[in-house]
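Below is one structure; the comments refer to it alone.
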Amino acid sequence: MKSTRSLEKFDNLVEALGTLPSVGKKSALRFAYHLILNDTFAAMKISNAIESAIRSVRRCERCGGLSEHEICDICLDESRDSQKLCIVESAKDILVLEENNLYDGLYFVLNNLEDETIEKLKDIVKDEISEIIFALTPSLSNDAVIMFVEDRLKEYELVFTKIAQGVPTGVHLENVDMLSLSKAINSRTKV
C-alpha cells in the first residue's frame, strides 16, 4: 500500500534552493535536509536575512550598485577619486573590486545601452570625470559596447581605458583570481 503522506513543503524548499546559481538538485537536497533537520536556527536566520534584504536593498540611483539608501556609500564617499569612473557589467562586479581594495574611484553599472542609461552616464561624466575605465568581461560584444559608449561620450574630454588582459575572455570578474584581477586593474590600457 502506497503512503499518502506528502513532503510537499520540503520538496518546494528543495526546488526553490535549486533555482540558485550553481546549485544542482543534489546540493539543493543536501541544503534543505541540513536546514530542516540539523540547523533550524540557521534556517530561520537565513530566512530572516533574505526577507530583510529583499525589503531594504535596491540599486543606487546614481551608479546602479547595491545600496540600502537612495545613493550608495561609495557614491557619497568624498575620499574616493572622483575623476575616475569604472564601468562594470553588474553590481556584483563592484562588490568583487571593493572586497579586495583594487580601486578607489567611482562606479557605473552598465546593465543596458538604452538612452536613459546613457543619459545617466553623461550626467555623471560631466561633473568632474577625466577617465573612464571599462572593467567588462573581455569579449567581442563588450568591445562593441566600449566603442558605443566612447562614441556617446566623445563630446567630453575623457581618457578611455580598459582593464588589461589577464582576465580570460568570457570569464566573469567574480570567477577571476584576485592576483589576475589586481594586475588587470593596475595594468589597464588606453582604449
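Chains: A, B, ... in order of the C-alpha cells. Residues: from 1 per chain. Ligands: from 1, in order shown.
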Going by DSSP on the backbone, which residues of chain A come out as strand (DSSP E)? List them as an MDAnalysis selection string. chainID A and resid 58:59 66:67 81:88 105:109 131:135 159:162 189:190
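The residue set within 12 Å of Met147 (chain A), counting only C-alpha atoms and dropping same-chain residues fewer than 4 places from it, reads A:Leu113, A:Phe134, A:Leu140, A:Ser141, A:Asn142, A:Asp143, A:Asp151, A:Arg152, A:Leu153, A:Lys154, A:Phe160, A:Thr161, A:Lys162, A:Val191.
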Let's have the selection written as a compact mmCIF listing (two decimals), in the first residue's frame, with N, CA and C atoms.
# COMPACT_ATOMS: atom_id res chain seq x y z
N LEU A 113 22.08 49.44 -22.82
CA LEU A 113 22.55 50.58 -23.61
C LEU A 113 21.38 51.48 -24.03
N PHE A 134 36.89 50.76 -18.35
CA PHE A 134 35.95 49.70 -18.66
C PHE A 134 36.44 48.41 -18.00
N LEU A 140 34.18 40.05 -27.78
CA LEU A 140 33.93 40.89 -28.94
C LEU A 140 32.71 41.77 -28.74
N SER A 141 31.66 41.22 -28.11
CA SER A 141 30.45 42.03 -27.89
C SER A 141 30.73 43.17 -26.92
N ASN A 142 31.55 42.93 -25.90
CA ASN A 142 31.88 44.02 -24.97
C ASN A 142 32.82 45.03 -25.60
N ASP A 143 33.65 44.61 -26.56
CA ASP A 143 34.46 45.58 -27.31
C ASP A 143 33.54 46.52 -28.09
N ASP A 151 31.70 56.51 -28.28
CA ASP A 151 31.07 57.38 -29.27
C ASP A 151 30.04 58.30 -28.60
N ARG A 152 29.28 57.79 -27.66
CA ARG A 152 28.26 58.59 -26.98
C ARG A 152 28.86 59.64 -26.04
N LEU A 153 30.12 59.42 -25.62
CA LEU A 153 30.76 60.35 -24.69
C LEU A 153 31.87 61.17 -25.35
N LYS A 154 31.93 61.17 -26.67
CA LYS A 154 33.03 61.84 -27.38
C LYS A 154 33.05 63.35 -27.16
N PHE A 160 39.90 57.07 -22.12
CA PHE A 160 39.22 55.78 -22.03
C PHE A 160 40.26 54.68 -21.86
N THR A 161 40.10 53.87 -20.82
CA THR A 161 40.98 52.72 -20.61
C THR A 161 40.11 51.50 -20.35
N LYS A 162 40.72 50.34 -20.50
CA LYS A 162 40.02 49.12 -20.12
C LYS A 162 40.99 48.25 -19.35
N VAL A 191 42.02 52.85 -24.42
CA VAL A 191 41.11 52.29 -25.43
C VAL A 191 41.28 53.03 -26.73
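Proximity of A:Ile146, A:Ile129, A:Leu20, A:Leu66 to Val109 (chain A), computed with only C-alpha atoms, is greatest for A:Leu66.
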DSSP on the backbone, then: every residue of region 1-185 of chain A marked alpha helix (DSSP H), written as a ChimeraX atom specification. /A:8-17,25-33,40-56,73-76,91-99,115-128,140-152,178-185
To one decimal place in Å, what is the distance between CA of Glu116 (chain A) and CA of Pro138 (chain A)?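 Distance between the two atoms: 24.6 Å.
The interatomic distance for the pair CA of Tyr107 (chain A) and CA of Ala53 (chain A) works out to 21.9 Å.
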Which residue gives the smallest distance to Leu158 (chain A) among A:Ala49, A:Ala135, A:Ile94, A:Leu85, with only C-alpha atoms counted?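 With only C-alpha atoms as the atom set, the closest residue is A:Leu85.
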Atom-to-atom span, CA of Leu106 (chain A) and CA of Cys72 (chain A), Å: 10.8 Å
Between A:Asp104, A:Lys45, A:Thr117, A:Gly170, which residue has the minimum interatomic distance to Asn186 (chain A), considering only C-alpha atoms?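 Closest to Asn186 (chain A) of all the choices is A:Asp104.
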If we count only C-alpha atoms, what is near Val88 (chain A) at a cut-off of 10 Å, once residues fewer than 2 positions away on the same chain are taken out, given as a ChimeraX atom specification? /A:63-65,85-86,90-94,107-111,133-137,173
Here is a test: counting only C-alpha atoms, which residue of A:Ala144, A:Ile87, A:Ile46, A:Leu76 is nearest to Cys60 (chain A)? A:Leu76
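Of the listed residues A:Asp177, A:Ser6, A:His172, A:Asn112, the one whose atoms come nearest to Val149 (chain A) is A:Asn112, with distances taken using only C-alpha atoms.
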